[in-house]
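**Student:** See target-v1.txt below, with compact mmCIF, C-alpha atoms.
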```txt
# COMPACT_ATOMS: atom_id res chain seq x y z
CA MET A 1 239.22 165.18 140.67
CA ALA A 2 238.36 167.71 138.00
CA VAL A 3 235.68 165.60 136.35
CA ILE A 4 233.70 165.41 139.59
CA ALA A 5 233.88 169.19 139.76
CA GLY A 6 232.56 169.24 136.20
CA LEU A 7 229.70 166.98 137.19
CA VAL A 8 228.82 169.19 140.17
CA VAL A 9 228.98 172.35 138.04
CA GLY A 10 226.78 170.66 135.42
CA LEU A 11 224.17 169.65 137.98
CA PHE A 12 224.21 173.17 139.40
CA LEU A 13 223.70 174.71 135.95
CA LEU A 14 220.92 172.22 135.20
CA ILE A 15 219.08 172.98 138.44
CA LEU A 16 219.43 176.68 137.70
CA SER A 17 217.93 176.21 134.23
CA LEU A 18 215.07 174.22 135.75
CA VAL A 19 214.14 176.69 138.49
CA ALA A 20 215.14 179.97 136.84
CA PRO A 21 215.02 179.49 133.06
CA GLN A 22 215.39 183.22 132.42
CA SER A 23 218.90 183.36 133.92
CA TYR A 24 220.52 182.10 130.71
CA GLN A 25 218.75 184.45 128.33
CA ALA A 26 221.84 186.44 127.38
CA VAL A 27 224.14 183.45 126.83
CA ARG A 28 221.50 181.50 124.89
CA GLY A 29 220.82 184.53 122.71
CA ALA A 30 224.53 184.95 122.00
CA ALA A 31 224.85 181.27 121.08
CA LEU A 32 221.94 181.66 118.67
CA ASP A 33 223.62 184.64 117.03
CA VAL A 34 226.81 182.65 116.51
CA THR A 35 225.20 179.47 115.19
CA ALA A 36 222.21 180.71 113.17
CA PRO A 37 224.27 182.20 110.29
CA ILE A 38 225.73 178.72 109.69
CA SER A 39 222.25 177.20 109.40
CA GLY A 40 221.11 180.16 107.32
CA GLY A 41 223.95 179.82 104.83
CA LEU A 42 223.44 176.07 104.47
CA ASN A 43 219.71 176.70 104.13
CA GLU A 44 220.36 178.92 101.09
CA VAL A 45 222.31 176.09 99.45
CA THR A 46 219.66 173.41 100.04
CA ALA A 47 216.88 175.79 98.97
CA THR A 48 218.69 176.46 95.70
CA VAL A 49 219.27 172.76 95.03
CA THR A 50 215.69 171.71 95.83
CA GLY A 51 214.46 174.68 93.81
CA LEU A 52 216.38 173.45 90.76
CA VAL A 53 215.04 169.91 91.16
CA SER A 54 211.40 170.85 91.73
CA GLY A 55 211.65 173.58 89.09
CA ALA A 56 212.68 170.99 86.53
CA GLY A 57 209.88 168.71 87.73
CA ASN A 58 207.28 171.43 87.15
CA TYR A 59 208.12 171.56 83.45
CA TRP A 60 207.44 167.86 83.12
CA ASP A 61 203.66 168.11 82.88
CA ALA A 62 203.26 171.83 82.37
CA ALA A 63 200.32 171.52 79.97
CA SER A 64 198.02 169.52 82.25
CA GLN A 65 199.15 171.57 85.25
CA ASN A 66 198.25 174.72 83.36
CA GLU A 67 194.75 173.37 82.65
CA GLN A 68 194.27 172.46 86.28
CA LEU A 69 195.49 175.86 87.48
CA LYS A 70 193.15 177.69 85.12
CA ARG A 71 190.19 175.71 86.40
CA ASP A 72 191.24 176.37 90.00
CA ARG A 73 191.65 180.07 89.32
CA ALA A 74 188.18 180.36 87.82
CA ALA A 75 186.70 178.64 90.86
CA LEU A 76 188.70 180.81 93.24
CA MET A 77 187.62 184.01 91.47
CA ILE A 78 184.00 183.24 92.29
CA ARG A 79 184.89 182.47 95.92
CA MET A 80 186.96 185.64 96.18
CA VAL A 81 184.10 187.85 95.02
CA GLU A 82 181.87 186.18 97.59
CA ALA A 83 184.51 186.74 100.28
CA ARG A 84 184.90 190.40 99.31
CA ALA A 85 181.16 190.87 99.71
CA ILE A 86 181.26 189.20 103.12
CA VAL A 87 184.18 191.40 104.23
CA GLU A 88 182.27 194.50 103.18
CA GLU A 89 179.17 193.34 105.00
CA ASN A 90 181.27 192.46 108.05
CA LYS A 91 182.78 195.95 108.04
CA GLN A 92 179.35 197.55 107.93
CA LEU A 93 178.06 195.33 110.71
CA LYS A 94 181.11 196.06 112.87
CA ALA A 95 180.67 199.78 112.25
CA ALA A 96 177.04 199.43 113.28
CA LEU A 97 178.13 197.68 116.47
CA GLN A 98 180.98 200.19 116.95
CA LEU A 99 183.61 197.46 117.36
CA ARG A 100 187.08 198.84 116.94
CA GLU A 101 189.13 197.16 114.24
CA ARG A 102 192.68 196.44 115.30
CA ILE A 103 195.34 197.08 112.70
CA ARG A 104 197.59 194.04 112.37
CA SER A 105 201.22 195.01 112.14
CA THR A 106 204.35 193.00 111.52
CA VAL A 107 207.42 193.26 113.72
CA ALA A 108 209.79 191.36 111.45
CA THR A 109 209.81 188.77 108.70
CA GLY A 110 212.42 186.04 108.53
CA ARG A 111 213.03 182.52 107.37
CA VAL A 112 212.96 179.27 109.31
CA VAL A 113 216.58 178.12 109.18
CA GLY A 114 216.70 175.15 111.52
CA SER A 115 214.96 173.03 114.11
CA SER A 116 215.65 170.88 117.18
CA PHE A 117 215.70 167.57 115.35
CA GLU A 118 217.55 165.75 118.13
CA SER A 119 215.53 166.65 121.20
CA PRO A 120 212.04 165.81 122.46
CA ARG A 121 211.18 169.51 122.39
CA ARG A 122 209.97 171.13 119.19
CA PHE A 123 211.85 174.36 118.48
CA ALA A 124 212.65 176.17 115.26
CA ILE A 125 215.28 178.83 114.62
CA ILE A 126 214.24 181.91 112.65
CA SER A 127 216.57 184.44 111.08
CA VAL A 128 215.35 187.58 112.89
CA GLY A 129 216.23 188.78 116.38
CA THR A 130 216.14 191.67 118.81
CA SER A 131 217.86 193.99 116.30
CA ASP A 132 214.72 193.59 114.17
CA GLY A 133 212.47 194.30 117.15
CA VAL A 134 211.71 190.70 118.11
CA GLN A 135 211.08 190.12 121.80
CA VAL A 136 210.61 186.97 123.82
CA GLY A 137 206.94 185.99 123.87
CA MET A 138 205.88 187.39 120.51
CA PRO A 139 203.68 185.18 118.32
CA VAL A 140 205.15 183.87 115.08
CA ARG A 141 203.02 182.93 112.08
CA ALA A 142 203.41 182.08 108.44
CA PRO A 143 201.05 183.17 105.66
CA GLU A 144 199.53 179.67 105.94
CA GLY A 145 198.97 179.61 109.69
CA LEU A 146 200.38 179.79 113.20
CA ILE A 147 203.96 178.60 113.84
CA GLY A 148 204.45 179.33 117.55
CA ARG A 149 205.97 181.94 119.81
CA VAL A 150 209.46 183.28 120.48
CA ILE A 151 211.19 181.85 123.55
CA ASP A 152 214.85 182.88 123.05
CA ALA A 153 215.90 185.99 121.20
CA GLY A 154 219.45 186.72 120.06
CA SER A 155 220.25 189.91 118.22
CA THR A 156 220.03 188.32 114.74
CA ALA A 157 218.21 185.03 115.37
CA SER A 158 215.53 183.68 117.67
CA ARG A 159 214.24 180.33 118.84
CA VAL A 160 210.54 179.62 118.38
CA LEU A 161 208.46 177.22 120.47
CA LEU A 162 206.42 175.46 117.79
CA VAL A 163 202.70 174.76 118.21
CA SER A 164 203.60 171.05 118.06
CA ASP A 165 205.67 171.32 121.28
CA ARG A 166 204.09 169.86 124.37
CA ALA A 167 204.56 173.07 126.36
CA ASN A 168 202.78 175.23 123.80
CA ILE A 169 199.13 175.48 124.76
CA VAL A 170 197.03 177.60 122.41
CA PRO A 171 193.46 178.68 123.11
CA ALA A 172 191.59 177.85 119.93
CA ARG A 173 188.23 177.08 118.40
CA ILE A 174 186.78 174.98 115.65
CA LEU A 175 186.25 177.10 112.54
CA ARG A 176 183.00 175.29 111.80
CA GLY A 177 180.67 176.19 114.66
CA GLY A 178 183.19 178.11 116.77
CA GLN A 179 183.28 175.75 119.76
CA PRO A 180 186.21 176.64 122.06
CA VAL A 181 188.98 174.04 122.25
CA ILE A 182 192.51 173.81 123.64
CA SER A 183 195.40 172.89 121.36
CA THR A 184 198.49 171.21 122.84
CA GLY A 185 201.47 169.88 120.94
CA ARG A 186 202.30 166.19 121.11
CA GLY A 187 206.03 166.46 120.49
CA ASP A 188 205.96 164.31 117.34
CA GLY A 189 204.78 166.92 114.86
CA THR A 190 201.08 166.53 115.61
CA ILE A 191 198.73 168.47 117.85
CA ASP A 192 196.25 167.26 120.42
CA VAL A 193 192.96 169.19 120.53
CA ARG A 194 190.38 168.86 123.32
CA PRO A 195 187.08 170.67 123.75
CA LEU A 196 186.85 173.02 126.75
CA GLU A 197 183.41 171.70 127.65
CA VAL A 198 183.04 168.04 128.45
CA GLY A 199 180.47 166.32 126.31
CA ARG A 200 180.05 164.85 122.90
CA ASN A 201 183.19 164.83 120.78
CA PRO A 202 182.68 167.92 118.57
CA PHE A 203 185.41 167.16 116.02
CA LYS A 204 185.12 165.76 112.53
CA PRO A 205 188.09 164.73 110.38
CA GLY A 206 189.01 167.65 108.16
CA ASP A 207 187.91 170.33 110.62
CA ILE A 208 190.11 173.42 110.72
CA ILE A 209 191.25 174.67 114.15
CA VAL A 210 191.89 178.43 114.41
CA THR A 211 193.17 180.58 117.26
CA SER A 212 190.45 182.14 119.39
CA GLY A 213 192.40 185.16 120.60
CA THR A 214 191.65 184.26 124.22
CA GLY A 215 194.54 185.18 126.49
CA GLY A 216 195.54 187.98 124.17
CA LEU A 217 198.87 186.58 122.95
CA TYR A 218 197.88 185.07 119.61
CA PRO A 219 195.67 187.06 117.22
CA PRO A 220 192.28 185.43 116.58
CA LEU A 221 191.35 183.46 113.45
CA VAL A 222 194.85 182.29 112.54
CA PRO A 223 194.65 178.69 111.25
CA ILE A 224 196.51 176.23 113.49
CA ALA A 225 195.77 172.70 112.41
CA LYS A 226 193.54 170.30 110.53
CA ILE A 227 191.91 167.31 112.26
CA ILE A 228 193.18 164.00 110.93
CA ARG A 229 191.95 161.48 113.51
CA LEU A 230 189.49 161.36 116.39
CA ASP A 231 190.24 159.74 119.73
CA ASP A 232 187.95 159.16 122.71
CA ASP A 233 187.29 162.73 123.86
CA GLY A 234 189.41 164.84 121.53
CA ALA A 235 191.26 164.61 118.26
CA ILE A 236 194.70 164.56 116.71
CA ALA A 237 195.47 167.34 114.25
CA LEU A 238 198.27 168.17 111.83
CA PRO A 239 199.68 171.74 111.84
CA ILE A 240 198.68 173.69 108.75
CA ALA A 241 201.87 175.77 108.69
CA ASP A 242 204.54 173.08 108.36
CA PRO A 243 207.77 174.80 109.54
CA SER A 244 209.80 172.89 106.98
CA ARG A 245 207.68 174.15 104.08
CA VAL A 246 206.67 177.70 104.99
CA SER A 247 208.31 180.44 102.98
CA PHE A 248 208.37 183.13 105.66
CA ALA A 249 208.00 183.37 109.39
CA ILE A 250 206.22 186.58 110.36
CA VAL A 251 206.76 187.87 113.90
CA GLU A 252 203.80 189.89 115.13
CA PRO A 253 203.34 191.95 118.25
CA PRO A 254 201.18 190.27 120.90
CA PHE A 255 197.50 190.76 120.11
CA GLU A 256 196.88 192.50 123.44
CA PRO A 257 200.09 194.34 124.42
CA THR A 258 199.63 193.41 128.09
CA ALA A 259 199.93 189.75 127.17
CA LEU A 260 203.67 190.13 126.53
CA ALA A 261 204.33 190.94 130.17
CA VAL A 262 202.59 187.72 131.15
CA ALA A 263 204.38 185.70 128.48
CA THR A 264 207.86 186.94 129.37
CA ALA A 265 207.39 186.52 133.10
CA PRO A 266 209.33 183.45 134.25
CA THR A 267 207.01 180.52 133.72
CA GLU A 268 207.65 176.81 133.73
CA GLU A 269 207.21 176.66 129.99
CA THR A 270 210.31 178.51 128.90
CA PRO A 271 213.56 176.58 129.20
CA MET B 1 271.33 145.62 109.39
CA VAL B 2 268.58 146.39 107.01
CA ARG B 3 269.91 149.58 105.51
CA SER B 4 267.05 150.01 103.07
CA ALA B 5 264.61 150.62 105.91
CA LEU B 6 266.81 153.44 107.23
CA ALA B 7 267.52 154.89 103.82
CA THR B 8 263.96 155.43 102.64
CA LYS B 9 263.32 158.82 104.02
CA GLY B 10 260.40 158.94 106.40
CA ALA B 11 258.17 156.46 104.62
CA ARG B 12 257.35 154.45 107.72
CA LEU B 13 259.70 155.61 110.41
CA ASN B 14 259.82 158.85 112.37
CA GLN B 15 256.16 159.57 111.82
CA GLY B 16 254.83 161.00 115.02
CA PRO B 17 251.27 162.10 115.66
CA ARG B 18 250.02 164.98 113.58
CA THR B 19 250.08 168.50 114.96
CA GLY B 20 247.11 169.17 117.20
CA ALA B 21 246.45 165.46 117.59
CA ASP B 22 245.65 165.96 121.29
CA TYR B 23 242.77 168.27 120.46
CA LEU B 24 241.35 166.40 117.49
CA PRO B 25 239.02 164.05 119.44
CA ALA B 26 237.43 166.98 121.28
CA ALA B 27 237.13 168.87 117.99
CA THR B 28 235.25 165.97 116.38
CA VAL B 29 232.81 165.94 119.32
CA ILE B 30 232.16 169.67 118.79
CA ILE B 31 231.66 169.05 115.06
CA GLY B 32 229.23 166.28 116.03
CA SER B 33 227.28 168.73 118.16
CA MET B 34 227.23 171.17 115.27
CA ILE B 35 225.41 168.67 113.04
CA SER B 36 222.29 170.08 114.71
CA LEU B 37 222.97 173.32 112.83
CA LEU B 38 222.15 171.67 109.51
CA PRO B 39 219.07 173.35 108.06
CA ILE B 40 216.88 170.32 108.68
CA VAL B 41 213.42 171.32 109.84
CA SER B 42 211.95 168.12 111.22
CA ALA B 43 208.55 167.47 112.74
CA THR B 44 209.98 164.87 115.11
CA GLY B 45 213.03 164.92 117.36
CA TRP B 46 214.23 161.43 116.55
CA TRP B 47 217.62 162.27 115.11
CA PRO B 48 220.57 161.06 117.18
CA ASP B 49 222.68 163.45 119.19
CA TRP B 50 225.95 163.11 117.25
CA GLY B 51 227.98 164.97 119.86
CA LEU B 52 227.03 162.36 122.43
CA LEU B 53 227.58 159.44 120.04
CA LEU B 54 231.10 160.65 119.18
CA LEU B 55 231.91 161.33 122.84
CA VAL B 56 230.96 157.77 123.80
CA ALA B 57 232.72 156.32 120.75
CA TRP B 58 235.98 158.13 121.56
CA ARG B 59 235.84 157.22 125.21
CA LEU B 60 235.26 153.55 124.41
CA LEU B 61 238.10 153.62 121.89
CA ARG B 62 240.68 155.27 124.14
CA ALA B 63 240.78 156.18 127.80
CA ASP B 64 243.23 159.01 127.02
CA ALA B 65 241.35 160.72 124.21
CA TRP B 66 241.06 163.79 126.46
CA PRO B 67 241.37 164.60 130.17
CA ALA B 68 238.10 163.42 131.71
CA TRP B 69 237.08 166.89 132.85
CA TRP B 70 236.96 168.13 129.26
CA ALA B 71 233.58 166.41 129.04
CA ALA B 72 232.05 169.25 131.06
CA PRO B 73 233.02 172.13 128.72
CA LEU B 74 232.24 169.94 125.70
CA GLY B 75 228.78 169.33 127.18
CA PHE B 76 228.36 173.06 127.72
CA ILE B 77 229.10 173.72 124.04
CA ASN B 78 226.65 170.95 123.10
CA ASP B 79 223.92 172.50 125.26
CA LEU B 80 224.43 175.91 123.69
CA VAL B 81 224.54 174.67 120.11
CA VAL B 82 221.73 172.13 120.32
CA GLY B 83 219.50 174.31 122.52
CA ASN B 84 219.16 171.89 125.44
CA PRO B 85 218.50 173.26 128.93
CA ILE B 86 221.96 174.48 129.93
CA GLY B 87 223.72 172.04 132.24
CA LEU B 88 222.01 168.89 130.96
CA SER B 89 224.88 167.67 128.79
CA VAL B 90 227.47 169.11 131.18
CA ALA B 91 226.23 166.89 134.00
CA LEU B 92 225.45 163.88 131.80
CA TRP B 93 228.72 163.83 129.90
CA ALA B 94 230.83 164.32 133.05
CA ALA B 95 228.88 161.51 134.71
CA MET B 96 229.54 159.27 131.69
CA MET B 97 233.29 159.88 131.94
CA LEU B 98 233.15 158.88 135.62
CA ALA B 99 231.10 155.79 134.81
CA MET B 100 233.58 154.78 132.11
CA ASP B 101 236.51 155.21 134.48
CA ILE B 102 234.81 152.90 136.97
CA LEU B 103 233.92 150.44 134.20
CA ASP B 104 237.53 150.40 132.98
CA ARG B 105 238.75 149.59 136.45
CA ARG B 106 236.25 146.76 136.97
CA THR B 107 236.40 145.01 133.60
CA MET B 108 239.34 142.99 132.31
CA TRP B 109 238.45 143.22 128.63
CA ARG B 110 235.64 144.18 126.34
CA ASP B 111 234.82 143.30 122.77
CA TYR B 112 232.83 145.06 120.09
CA TRP B 113 229.41 143.79 121.24
CA ILE B 114 230.00 144.78 124.86
CA GLU B 115 231.06 148.26 123.68
CA TRP B 116 227.87 148.56 121.67
CA GLY B 117 225.89 147.46 124.72
CA ILE B 118 227.60 150.06 126.92
CA ALA B 119 226.99 152.74 124.29
CA ALA B 120 223.33 151.67 124.03
CA LEU B 121 222.99 152.02 127.80
CA PHE B 122 224.53 155.51 127.77
CA ILE B 123 222.39 156.65 124.82
CA ALA B 124 219.23 155.34 126.48
CA LEU B 125 220.10 157.04 129.79
CA ALA B 126 220.86 160.33 128.00
CA GLU B 127 217.58 160.26 126.07
CA LEU B 128 215.62 159.40 129.20
CA ALA B 129 217.32 162.23 131.10
CA GLN B 130 216.48 164.62 128.27
CA TRP B 131 212.88 163.38 128.29
CA ARG B 132 212.64 163.76 132.07
CA VAL B 133 214.07 167.30 132.00
CA ALA B 134 211.63 168.21 129.20
CA ALA B 135 208.81 166.97 131.42
CA LEU B 136 210.11 169.07 134.33
CA LEU B 137 210.17 172.10 132.04
CA GLY B 138 206.49 171.72 131.22
CA ALA B 139 206.59 169.41 128.20
CA PRO B 140 205.59 165.94 129.45
CA VAL B 141 205.69 164.17 126.08
CA PRO B 142 204.70 160.50 126.01
CA LEU B 143 207.77 158.27 126.17
CA GLY B 144 206.76 156.06 123.25
CA VAL B 145 206.54 158.75 120.59
CA THR B 146 209.73 160.68 121.38
CA ALA B 147 212.40 159.03 123.51
CA GLY B 148 211.67 155.48 122.32
CA PRO B 149 212.40 155.97 118.60
CA ALA B 150 215.23 158.37 119.44
CA ILE B 151 216.96 155.72 121.59
CA LEU B 152 216.56 153.07 118.86
CA ILE B 153 217.91 155.35 116.12
CA GLY B 154 220.77 156.53 118.34
CA VAL B 155 221.80 152.96 119.18
CA LEU B 156 221.68 151.93 115.53
CA CYS B 157 223.76 154.98 114.55
CA PHE B 158 226.46 154.29 117.15
CA PRO B 159 228.56 151.97 114.92
CA ILE B 160 228.93 154.87 112.45
CA ALA B 161 230.27 157.09 115.25
CA ALA B 162 232.60 154.28 116.42
CA PHE B 163 233.89 153.84 112.85
CA LEU B 164 234.48 157.58 112.45
CA ALA B 165 236.29 157.81 115.78
CA ALA B 166 238.54 154.85 114.87
CA ARG B 167 239.33 156.34 111.45
CA VAL B 168 240.12 159.79 112.83
CA ASP B 169 242.23 158.17 115.56
CA ARG B 170 244.32 156.30 112.99
CA TRP B 171 244.73 159.43 110.90
CA ARG B 172 245.70 161.71 113.79
CA LEU B 173 248.33 159.31 115.12
CA GLY B 174 249.79 159.07 111.63
CA ARG B 175 249.72 155.32 111.53
```
In structure tokens, write the structure found in this file.

**Tutor:**
Amino acid sequence: MAVIAGLVVGLFLLILSLVAPQSYQAVRGAALDVTAPISGGLNEVTATVTGLVSGAGNYWDAASQNEQLKRDRAALMIRMVEARAIVEENKQLKAALQLRERIRSTVATGRVVGSSFESPRRFAIISVGTSDGVQVGMPVRAPEGLIGRVIDAGSTASRVLLVSDRANIVPARILRGGQPVISTGRGDGTIDVRPLEVGRNPFKPGDIIVTSGTGGLYPPLVPIAKIIRLDDDGAIALPIADPSRVSFAIVEPPFEPTALAVATAPTEETP
Amino acid sequence: MVRSALATKGARLNQGPRTGADYLPAATVIIGSMISLLPIVSATGWWPDWGLLLLVAWRLLRADAWPAWWAAPLGFINDLVVGNPIGLSVALWAAMMLAMDILDRRTMWRDYWIEWGIAALFIALAELAQWRVAALLGAPVPLGVTAGPAILIGVLCFPIAAFLAARVDRWRLGR
């Protein structure tokens, strides 16, 4: 019976995708190329509609908003001057220590056009692919913070493993104090952070978690998440770069180029 | 003889199924899979798998909606579009067709509530399989925060899929 053959073929394909996830790279990439333009086109429409609605809403209390923004700008000006001074000082100190500054480059910039809203995995689709220079394993960030890393690349679209996915483990540290922690997704849009060293719970609600650069894939000091709740020996955090809100997804080369070879090697993490 | 019935040209009589009626059920399943292409960027994966819901709805409505083996290629399309590990839906959907064939042979009748129960069972099994495969692929998410709500939402959405399948069935057969 043909349906039994279908079942057997399905099981075979499934076992193959479990033991050798890389074997479907070409076909998955091609499927992304075919389907992503649909999401992209629809995304334009919804962005325009929501833009009209929120644009109208902004006019509603423009006067008080203007006041607020002016106050904020004045405060930020002071902070910016302070930050400039610190950057200058940092540069001088680094020069004194003869640390080499790495120039951060961008591989490609795209938009987040879709997500896996019907599966327990957390993926997003971005509108750039191998024709823009994107390769599997490259880190993806937004101006606000880290989004994840590329796991499937088609020629015009790629699939990103979000930091909120369970399989995405990011070496990180607490911005306040710099204690090393490990960030793991929880699959429901939040992130689980645990300290590397066992001991007193180092987290406080409101703490910012940034990448540490350990492992060489993600660049250091990219914001990942903000602590919202403590549990017994770690904490639950909310990603700072919400994939549904970010304006752009920036694909960067791996921080240490050798890390890409490790990331693209068949691991258990890539489906 | 009621001549008026014969005289009115084609109002009720001589209306066969619409062209392409044999392929329409499968097409709706593919459209259901393609709902995942909507530009919804969600933090959680609780949305139902509409391809699966429509497949189960069609199969419960009619045993001859498509040859049973079509479930395998339909599952393959679903895997590619949704981004599942390839083979997951192929195996699951083919297995569901087999299970339904066995169920049809064993049961004398079924009413709406039994159909909903069967659909709930299939949806739960599919979500659990997806959850298990995700765990095997290195993402052991807790059951309560992902598969649990997804099963509940899928089961509650099934009547919509059943309604759509029934409506499309009536339309395609021109009745």

**Student:** If you measure from atom CA of Asp232 of chain A to atom CA of Arg200 of chain A, what distance in Å do you get, rounded to one decimal?

**Tutor:**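 Taking atom CA of Asp232 of chain A as the start and atom CA of Arg200 of chain A as the end point, the length is 9.7 Å.
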
**Student:** Env of segment 154-161 of chain B: 8 Å cut, atoms = all atoms listed in the file, seq-sep filter 4 positions within chain, self excluded. Answer as a PyMOL selection string.

**Tutor:** chain B and resi 47-50+53-54+57+116+119-120+123+150+165

**Student:** Only residues of chain B matter here; which ones have an atom within 6 Å of chain A, counting all atoms listed in the file? Give them as a ChimeraX atom specification.

**Tutor:** /B:37-49,68-69,72,80,85-88,90-91,94,137-139,146

**Student:** I'd like the interatomic distance between atom CA of Leu103 of chain B and atom CA of Gly148 of chain B, to a tenth of an Å.

**Tutor:** 25.7 Å

**Student:** Would you compute the distance between atom CA of Val81 of chain A and atom CA of Ser247 of chain A? Give it in Å to one decimal.

**Tutor:**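 Answer for the atom CA of Val81 of chain A to atom CA of Ser247 of chain A separation: 26.5 Å.
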
**Student:** Looking at A:Ile126, A:Val160, A:Ile174, A:Val246, which one is nearest to Asn201 of chain A, with distances taken over all atoms listed in the file?

**Tutor:**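 Between A:Ile126, A:Val160, A:Ile174, A:Val246, the residue approaching Asn201 of chain A most closely is A:Ile174.
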
**Student:** Taking all atoms listed in the file into account, name the residue in B:Val133, B:Ala71, B:Ala99, B:Ile77 that is nearest to Leu121 of chain B.

**Tutor:**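 Between B:Val133, B:Ala71, B:Ala99, B:Ile77, the residue approaching Leu121 of chain B most closely is B:Ala99.
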
**Student:** If we count all atoms listed in the file, what is near Ser33 of chain B at a cut-off of 7 Å, once residues fewer than 2 positions away on the same chain are taken out, given as a ChimeraX atom specification?

**Tutor:** /B:29-31,35-36,50-51,78,81-82

**Student:** So which one's closest to Leu152 of chain B, B:Ala95, B:Ala129, B:Ala124, B:Leu136? Using all atoms listed in the file, please.

**Tutor:**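 For Leu152 of chain B, the nearest of the candidates is B:Ala124.
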
**Student:** Using all atoms listed in the file, pick whichever of A:Ala157, A:Ala63, A:Val134, A:Val150 has the shortest atom-to-atom distance to Tyr218 of chain A.

**Tutor:**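 Among the listed residues, the smallest separation from Tyr218 of chain A belongs to A:Val150.
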
**Student:** Let me make sure I understand: among A:Val251, A:Val198, A:Ile151, A:Val53, which one has the smallest atom-to-atom distance to Pro180 of chain A if we use all atoms listed in the file?

**Tutor:**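 Smallest separation from Pro180 of chain A among the options: A:Val198.
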